[in-house]
Amino acid sequence: MDAQRLQVGAAKADITPDFGTQISGDIGRYRPVEEIRDPLYARVFVLKSGDETACIVACDMACIAKQRAWEIRGRIAEIIGGRPEAVIIHCVQSHSAARVGGMFEDPEGLLSPKLWWVRGETPAYNELFTDRVLAAVTEASGRITPARAKFARATEGRCAFNRRFVMRDGTAKTHPATCDEQILHCEGPVDPEASLTLFENDAGAPLAGMLHFTCHPTHGYPHRYISADWPGLWSERMAGKLGPECVVGCLNGACGNISPNNHIDPEYDRASSLEQMLTHLEQTGETLIDRLAKVPGLPLKAISDSIKVRWNEPPAEAAEAARRMIAERPEPTYRDEAHERIVWDWVFALRDIDKLHRLAVEPYYDFEIQLLRLGDIVVVGWPGEPFVEAQLEVKLKSLGRPVIVAHECNDECGYLPTRAAAERGGYEAWGKLPPGTLEQATEHTLKMMADL
C-alpha cells in the first residue's frame, strides 16, 4: 500500500451524561439532567498520510476547558501515533448538553460545596467523557483503511440568523423581543454555507462524513433535558442517508453572534424551530450528496500556532466591588424561591476574583489556532466563540477554496466579538479576552494558511 495515500478510520462513542449531571449553557442556574431526548455522541475521525497523522473529535457537548482538553489530546496522540498539536477536540456547543472542566477555578474556595453546580462541571462526567472518547479513538485507529475524499457545498439561508441588533439609541442588544419597535437594523451577517466532506473506501462505500454549518445550538435552553440539538441530530439523519457504516459528525462554525432565532419574523415559533431547522438541513444535505465531487490531491498536513493575548483585566473598581460583594454576601442572592437561579452579578463577582488570580499566575493566554489541510480543503480550529465576521473574512481571502471553521476547539475562552461590536456593548461585549483578539486571530490564521 502506498504510504502517501490517505487513510481514514472513524468511530463514535456515546457520551450521554447520567441523570443529575449539570447541563451547561447558562450562568448561575441549576440544571440537572432530568430527561434524555436523544443520545449525545463524540465522533472520531483519524486521518493518516505519509508521516502525518491527525484526529478530529466532534462532540455533542457544550465545551471543554483547556487543561482537560490538552490532557486528552496527549492521550489521543499516543493512541494514534501522532502529535497533540494535530488533535482537535471540537464541541458543537449544544446548550442542552454537559461540559468537561469548570467555568472557573475558585482558588480561594469561596464557593460552598452545595453550590458545586455553579462551576458548570460534574466531575464524574469528566471521567465518563474521557474514557469513552479514548475507547472510540482506539476503535477508529483499528479501522484505518485507504480512502478518497469528496466535497460539496450548498447555500442554506433559512436556519441561522444574526442575533445582535443595533437599537435606535445606537447600542447593541442580543436577543431583543420579536419585532421590537426599537430595532434599527441587524448588526452583522450570517454564513449561509453548508458543506459535506465525505470519505469513501476504494469500492465507493462511505466511511465517514464531516458536515459544516454555523449556528448556536440553543433549542434546549434553559430546560433540563439532554439533546444533541441540530448538529447531532442532522449528523444522524445524514448518516441514515449515507449508510449504516458511515460515521457522520458536524463541525459548527464561528457562531458567537448567530442563533436559530429570527427576531424580525413575527411568525417565528421557537417551539417548532428545531424540527423546522432539521427539515431544511436535511433537504440541503440531499443537495450536498448530489453535488459531491472528488477532492484533487490529498496532501495531509496539520499545523498549530498560538498568539499571546493578555487576559481581559477587570477595572480596579470592578475588582474591588467583586470582593466587597462576596465578603458581604458569601451566600448568593437567588432569583427564585427554590434557590436554583442565582443573580448573575454574584457569579460574575466570583469570576472577576478568579480572573485576578489567573492574571497573577500567567497574565497572557495562548490562543491556539489549528489548521488541517486535506488536499484543497482546510479545517480551521479556533477556541471560544468567535463572531462570524472572522470566519467570512478567512473564507473570502481563501479565494473560493473550501474552508471549514470550527469554533470551541480545545477551550472555551469566551466570546470573541469584533471591535465594532464590543464598542456597541451587549451581552457578548465583555469577556475573558480583550476587544481586538478576534482581529488578531483572523490575521494570524490567514498568515498560517499562506504558509500551509
# chains A, B, ... in the order shown; residues from 1 in each chain; ligands from 1
$ residues_around --residues "Ile79 of chain A" --least-positions-apart "6" --cutoff "12 Å" --atoms "only C-alpha atoms" --output "number ranges by chain"
A: 46, 53-55, 72-73, 87, 133-142
$ closest_residue --among "A:Leu196, A:Leu233, A:Val295, A:Leu40" --to "Ala147 of chain A" --atoms "only C-alpha atoms"
A:Val295
$ closest_residue --among "A:Asn261, A:Asn252, A:Gln283, A:Thr21" --to "Gly384 of chain A" --atoms "only C-alpha atoms"
A:Asn252
$ residues_around --residues "Leu184 of chain A" --least-positions-apart "5" --cutoff "10 Å" --atoms "only C-alpha atoms" --output "list in words"
Phe165, Val166, Met167, Arg168, Asp169, Gly170, Thr171 and Ala172 of chain A
$ write_last_selection --atoms "C-alpha atoms" --output "compact mmCIF listing (two decimals), in the first residue's frame"
# COMPACT_ATOMS: atom_id res chain seq x y z
CA PHE A 165 -29.31 44.23 16.66
CA VAL A 166 -28.41 47.90 16.68
CA MET A 167 -31.15 49.72 18.54
CA ARG A 168 -32.37 53.24 17.86
CA ASP A 169 -30.23 54.64 20.68
CA GLY A 170 -27.07 53.27 18.99
CA THR A 171 -26.43 50.44 21.45
CA ALA A 172 -26.49 46.75 20.58
$ closest_residue --among "A:Lys12, A:Arg5, A:Arg153, A:Arg419" --to "Asp202 of chain A" --atoms "only C-alpha atoms"
A:Arg5
$ select_by_dssp --residues "segment 244-312 of chain A" --states "alpha helix (DSSP H)" --output "list in words"
Arg270, Ala271, Ser272, Ser273, Leu274, Glu275, Gln276, Met277, Leu278, Thr279, His280, Leu281, Glu282, Gln283, Thr284, Gly285, Glu286, Thr287, Leu288, Ile289, Asp290 and Arg291 of chain A
$ write_last_selection --atoms "C-alpha atoms" --output "mmCIF file, in the first residue's frame"
data_model
loop_
_atom_site.group_PDB
_atom_site.id
_atom_site.type_symbol
_atom_site.label_atom_id
_atom_site.label_comp_id
_atom_site.auth_asym_id
_atom_site.auth_seq_id
_atom_site.Cartn_x
_atom_site.Cartn_y
_atom_site.Cartn_z
ATOM 1 C CA ARG A 270 -39.361 28.717 18.933
ATOM 2 C CA ALA A 271 -41.253 25.580 19.936
ATOM 3 C CA SER A 272 -41.239 24.193 16.393
ATOM 4 C CA SER A 273 -37.978 25.749 15.197
ATOM 5 C CA LEU A 274 -35.728 22.721 15.832
ATOM 6 C CA GLU A 275 -37.772 20.346 13.717
ATOM 7 C CA GLN A 276 -38.166 23.012 11.052
ATOM 8 C CA MET A 277 -34.399 23.611 11.031
ATOM 9 C CA LEU A 278 -33.717 19.885 10.709
ATOM 10 C CA THR A 279 -36.167 19.637 7.803
ATOM 11 C CA HIS A 280 -34.314 22.414 5.993
ATOM 12 C CA LEU A 281 -30.876 20.974 6.789
ATOM 13 C CA GLU A 282 -31.976 17.534 5.645
ATOM 14 C CA GLN A 283 -33.081 18.993 2.310
ATOM 15 C CA THR A 284 -29.762 20.810 1.987
ATOM 16 C CA GLY A 285 -27.949 17.600 2.943
ATOM 17 C CA GLU A 286 -29.535 15.811 0.000
ATOM 18 C CA THR A 287 -28.264 18.597 -2.258
ATOM 19 C CA LEU A 288 -24.781 18.142 -0.790
ATOM 20 C CA ILE A 289 -24.827 14.414 -1.545
ATOM 21 C CA ASP A 290 -25.853 15.097 -5.136
ATOM 22 C CA ARG A 291 -23.023 17.649 -5.575
#
$ closest_residue --among "A:Gly109, A:Gly74, A:Gly157, A:Gly220" --to "Ile36 of chain A" --atoms "only C-alpha atoms"
A:Gly220
$ closest_residue --among "A:Ala98, A:Val309, A:Val8, A:Leu438" --to "Ala420 of chain A" --atoms "only C-alpha atoms"
A:Leu438
$ closest_residue --among "A:Gly243, A:Gly20, A:Pro146, A:Gly232" --to "Ala203 of chain A" --atoms "only C-alpha atoms"
A:Pro146
